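Worksheet: the structure to be examined is printed underneath.
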Amino acid sequence: MTLRFTEIAAPRPDKESLAAAHAAIDARLDAGDRAGALAMWDAARRDYDTWSALVHLNFAQDTTDKDAVAAREYADALAPEAATHETALKRRLLADADRAGLEAQAGRHAVALWETDITAFDPKIAAETEEESRLSARYTALLAGARMTVRGKEVNLSGLTPFAEDSDRDLRHEAEAARWAFFAANGEELDSIYDQLVRLRTGMARKLGDATFTPLAYRRMRRLDYGPADVARYREGVVQHVTPLVARILEQRRATHGWDRLRFWDEALIDPAGNPKPAGDHDTLVMAAQEMFARMHPRMSDFYAMMRAGGFLDLKNRPGKAGGGFCTSFPSVGAPFIFANFNGTHNDIGVFTHEMGHAFQCWESRHQPGLDYLWPTMEAAEIHSMGLEYLTHPHMGLLVGDDAAERYRRMHLVSALAFLPYGVCVDHFQHEVYARPDMTPAERHATWQRLERRYMPWSDYGDLAYAAKGGRWQAKQHIYNSPFYYIDYTLALCCALQFWVRARRDAAAALDAYIALCGRGGSMPFQGLVASAGLTSPFAEGALEATMREAASVLGV
């Protein structure tokens with residue numbers, strides 16, 4: 001039987017129903033039935049998470065819909081109540097003297113996650129948690145409402161991308177000028193939203209006993225087997241091994257085009273002949289992907305067919321739709337959903353294969369015991385998404401045409417390498433911001449400028465005044481809405497590029513290892529999952545060197 005998105009529903013909870021559900025779970029524990037209590041709790045969490053996912057997806061699909069906005073506001077207001085009950089239950093379970101029995105029933109890794117979770121929330125920060133959601137939604141709606149005109153065409157921020165990658169250098173500059181004019185016009189509000197978020201999060205952390213927000217952020221991300229010192233060491237590896245390679249690539253691009261200087265609006269144009277584009281419109285790409293997955297593996301083919309038939313894809317850009325792309329899931333039925341904004345550029349393929357990696361992992365791990373194991377922590381989850389981007393390389397002719405397939409593979413590799421310095425810069429910026437939460441907006445912009453010179457010394461914004469003064473970070477929604485969730489992409493990319501190297505030698509073996517990793521879901525912490533797939537941890541000495549050598553050889557730089 002085919003699952004259908006339109007048939008997925010979950011009961012709308014309220015404070016009374018949440019209290020009643022947890023009272024019933026407590027009663028089971030009082031009666032000595034821990035297994036029954038855990039099963040009841042898992043079912044309740046799946047229903048709640050399915051309802052929450054539906055509400056937030058509906059809002060993202062149309063940020064102007066008043067009913068969707070109201071439903072999201074209701075969900076955001078209820079979330080601290082749900083977290084309060086969940087934290088209390090985890091505390092009770094962890095207080096059980098029979099730790100071995102608890103670990104046997106719930107899983108040792110799940111118990112370790114709960115121990116972290118109970119330090120990341122307390123009812124005394126419930127009001128701040130709700131306010132954090134409101135501020136994040138305000139940022140999302142502000143960017144979703146952006147409108148600008150390029151060559152007589154009105155577009156939103158997602159719709160700017162085709163112009164920003166056009167082979168016409170003047171058009172690229174015009175698109176970037178339109179983008180940064182929007183951010184300049186809204187700069188004061190963007191500064192205000194972020195300032196409120198930083199101060200709010202710092203206050204939450206201090207209420208929980210932390211001097212700064214950073215330790216709390218790591219616990220909220222459930223990072224069990226590494227910390228800020230490991231991340232700092234990894235960032236240094238990027239500066240040492242990746243930044244010089246990207247600088248050589250960009251200098252080669254400048255010389256190829258004969259430009260006197262490479263400007264910011266030149267960075268997105270990677271191929272001298274113009275970046276490859278999808279070989280067709282939305283419907284063509286969606287159909288071609290079916291053949292691609294059929295060539296790769298029967299399980300991927302069957303899964304994608306289910307996603308298409310069941311209506312679990314929303315890929316078209318439209319007014320009022322939130323920007324970006326993501327994969328969400330409905331754990332009561334085990335199905336994922338992919339949200340994106342196709343714009344006719346190569347990014348459509350990158351976002352699609354990326355989110356399909358998340359979705360396939362979610363599907364493969366749906367039989368893992370317990371909700372905590374359905375998804376891994378974010379940096380591990382991004383291995384599945386980025387890994388699939390590279391494992392689809394041999395079949396790229398189906399999506400861009402055979403004549404452009406090799407150009408796409410080269411462009412995709414270059415984009416990934418250029419992303420690494422940017423990704424670690426975003427992370428370093430947040431570490432500095434939360435270490436000094438009283439910085440003024442001007443000081444935050446200056447901090448970004450300083451870090452940008454370290455990680456991306458090639459950045460030259462020309463007359464894009466707002467970006468030049470250190471405003472580029474305000475376009476990155478993760479900085480506002482998902483603090484410290486960005487280094488995850490770079491850590492995962494370090495691992496995904498290892499899959500790329502392995503696939504160049506034995507594609508079938510690399511794909512088998514990838515599928516097995518997807519099936520493990522979140523049953524281990526990050527470095528455990530990395531090791532289980534035969535990959536080298538990004539925190540290990542020399543983790544980037546071999547991959548960068550391979551990339552330099554392939555690119556001839």
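Following the order of the structure tokens, chains are lettered A, B, ..., residues in each are numbered from 1, and ligands are numbered from 1.
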
Neighbour list for region 501-518 of chain A as a count of residues only, cut-off 8 Å, only C-alpha atoms, skip fewer than 3 positions in-chain:
16

Could you name the residues that touch region 132-135 of chain A at 7 Å or less, counting only C-alpha atoms, but leaving out those on the same chain fewer than 3 positions away, as a ChimeraX atom specification?
/A:76,128-129,138-139,193,197

So how far away is CA of Leu200 (chain A) from CA of Phe526 (chain A), in Å?
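Here the two named atoms are 28.7 Å from each other.
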
Given the choices A:Ile383, A:Leu371, A:Ala68, A:Ala279, which gets closest to Tyr48 (chain A) if the distance is worked out from only C-alpha atoms?
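Ranking A:Ile383, A:Leu371, A:Ala68, A:Ala279 by distance to Tyr48 (chain A), first place goes to A:Leu371.
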
At a cut-off of 9 Å, using only C-alpha atoms, what residues contact Trp41 (chain A)? Leave out same-chain residues fewer than 6 positions from it and give the result as a CSV table (one decimal) with C-alpha atoms, in the first residue's frame.
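Dumped to result.csv:
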chain,number,residue,atom,x,y,z
A,21,ALA,CA,-0.3,11.3,28.4
A,22,HIS,CA,2.7,11.7,30.8
A,25,ILE,CA,3.4,6.9,31.5

Which neighbours of Arg220 (chain A) fall inside 10 Å, counting only C-alpha atoms, when residues of the same chain fewer than 2 positions from it are skipped, and could you give them as an MDAnalysis selection string?
chainID A and resid 116:121 214:218 222:223 483:484

May I have the residues from that selection written out with C-alpha atoms, as an mmCIF file, in the first residue's frame?
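Saved to out_3.cif:
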data_model
loop_
_atom_site.group_PDB
_atom_site.id
_atom_site.type_symbol
_atom_site.label_atom_id
_atom_site.label_comp_id
_atom_site.auth_asym_id
_atom_site.auth_seq_id
_atom_site.Cartn_x
_atom_site.Cartn_y
_atom_site.Cartn_z
ATOM 1 C CA THR A 116 22.711 15.324 27.718
ATOM 2 C CA ASP A 117 19.124 16.392 27.005
ATOM 3 C CA ILE A 118 18.217 16.978 30.638
ATOM 4 C CA THR A 119 21.034 19.534 30.922
ATOM 5 C CA ALA A 120 19.786 21.458 27.872
ATOM 6 C CA PHE A 121 16.289 22.355 29.043
ATOM 7 C CA THR A 214 28.307 27.736 23.547
ATOM 8 C CA PRO A 215 28.316 24.734 25.954
ATOM 9 C CA LEU A 216 24.511 24.748 26.006
ATOM 10 C CA ALA A 217 24.424 24.901 22.206
ATOM 11 C CA TYR A 218 26.658 21.833 21.956
ATOM 12 C CA ARG A 222 23.566 16.321 21.316
ATOM 13 C CA ARG A 223 27.284 16.326 20.579
ATOM 14 C CA PRO A 483 22.942 28.258 16.224
ATOM 15 C CA PHE A 484 26.145 26.245 15.778
#

Determine, for each residue of region 151-199 of chain A having at least one atom at most 10 Å from an atom of region 311-318 of chain A, the closest pair of atoms and their separation in Å to one decimal, counting only C-alpha atoms; order by chain and ascending number, as a Markdown table.
| residue | atom | partner | partner_atom | distance |
| --- | --- | --- | --- | --- |
| A:Val155 | CA | A:Arg318 | CA | 9.4 |
| A:Asn156 | CA | A:Arg318 | CA | 8.6 |
| A:Ser158 | CA | A:Asn317 | CA | 7.5 |
| A:Gly159 | CA | A:Asn317 | CA | 7.7 |

Since we have the selection now, will you write its residues out, keeping C-alpha atoms, as a CSV table (one decimal), in the first residue's frame?
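Listed below is the output, out.csv:
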chain,number,residue,atom,x,y,z
A,155,VAL,CA,12.0,37.6,-7.9
A,156,ASN,CA,12.5,36.4,-4.3
A,158,SER,CA,15.8,32.0,-4.2
A,159,GLY,CA,14.8,33.3,-7.6

I want to know what sits within 8 Å of Arg172 (chain A), based on only C-alpha atoms, with residues of the same chain fewer than 5 positions away left out; could you give that as a VMD selection string?
chain A and resid 163 to 167 265 to 266

Determine which residues of region 159-227 of chain A DSSP labels as helix (DSSP H, G or I) from the backbone of this structure, then write them out as JSON, numbers by chain.
{"A": [159, 160, 161, 162, 163, 164, 169, 170, 171, 172, 173, 174, 175, 176, 177, 178, 179, 180, 181, 182, 183, 184, 185, 187, 188, 189, 190, 191, 192, 193, 194, 195, 196, 197, 198, 199, 200, 201, 202, 203, 204, 205, 206, 207, 213, 214, 215, 216, 217, 218, 219, 220]}

Using only C-alpha atoms, what table do you get, as a Markdown table, when you list each residue of region 124-239 of chain A with an atom no more than 10 Å from region 418-429 of chain A, its nearest pair of atoms, and their distance in Å rounded to one decimal, rows by chain then rising number?
| residue | atom | partner | partner_atom | distance |
| --- | --- | --- | --- | --- |
| A:Pro228 | CA | A:His428 | CA | 9.9 |
| A:Val231 | CA | A:Asp427 | CA | 9.0 |
| A:Ala232 | CA | A:His428 | CA | 7.9 |
| A:Tyr234 | CA | A:Val424 | CA | 8.8 |
| A:Arg235 | CA | A:Val424 | CA | 5.9 |
| A:Glu236 | CA | A:Val424 | CA | 9.2 |
| A:Val238 | CA | A:Pro421 | CA | 6.4 |
| A:Val239 | CA | A:Pro421 | CA | 7.1 |

For Ala127 (chain A): contacts at 10 Å, only C-alpha atoms, fewer than 3 positions along chain excluded, given as a list in words
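My reading of the contact set: Ala77, Pro80, Glu81, Pro123, Lys124, Glu130, Glu131, Glu132 and Met204 of chain A.
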
Preceding selection exported with C-alpha atoms as a PDB file, in the first residue's frame:
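selection-v3.pdb, freshly written:
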ATOM      1  CA  ALA A  77       4.100  28.158  22.387  1.00  0.00           C
ATOM      2  CA  PRO A  80       8.288  24.332  26.043  1.00  0.00           C
ATOM      3  CA  GLU A  81       5.397  22.517  27.749  1.00  0.00           C
ATOM      4  CA  PRO A 123      11.080  24.823  32.788  1.00  0.00           C
ATOM      5  CA  LYS A 124      12.727  28.013  33.999  1.00  0.00           C
ATOM      6  CA  GLU A 130       9.170  30.321  23.066  1.00  0.00           C
ATOM      7  CA  GLU A 131      10.574  33.789  22.418  1.00  0.00           C
ATOM      8  CA  GLU A 132      13.522  32.254  20.569  1.00  0.00           C
ATOM      9  CA  MET A 204      19.113  30.911  28.945  1.00  0.00           C
TER      10      MET A 204
END

Let me make sure I understand: among A:Asp372, A:Asp463, A:Glu545, A:Glu379, which one has the smallest atom-to-atom distance to Ala112 (chain A) if we use only C-alpha atoms?
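Among A:Asp372, A:Asp463, A:Glu545, A:Glu379, it is A:Asp372 that comes nearest to Ala112 (chain A).
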
Have a look at A:Ala335, A:Gly470, A:Val351, A:Gly534 and name the one nearest to Glu7 (chain A); count only C-alpha atoms.
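Closest candidate: A:Ala335.
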
Two-atom distance - CA of Arg450 (chain A), CA of Gly237 (chain A) (Å)
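CA of Gly237 (chain A) lies 18.3 Å from CA of Arg450 (chain A).
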
Counting only C-alpha atoms, the residue of A:Pro244, A:Pro369, A:Pro525, A:Pro272 that sits nearest Met548 (chain A):
A:Pro244
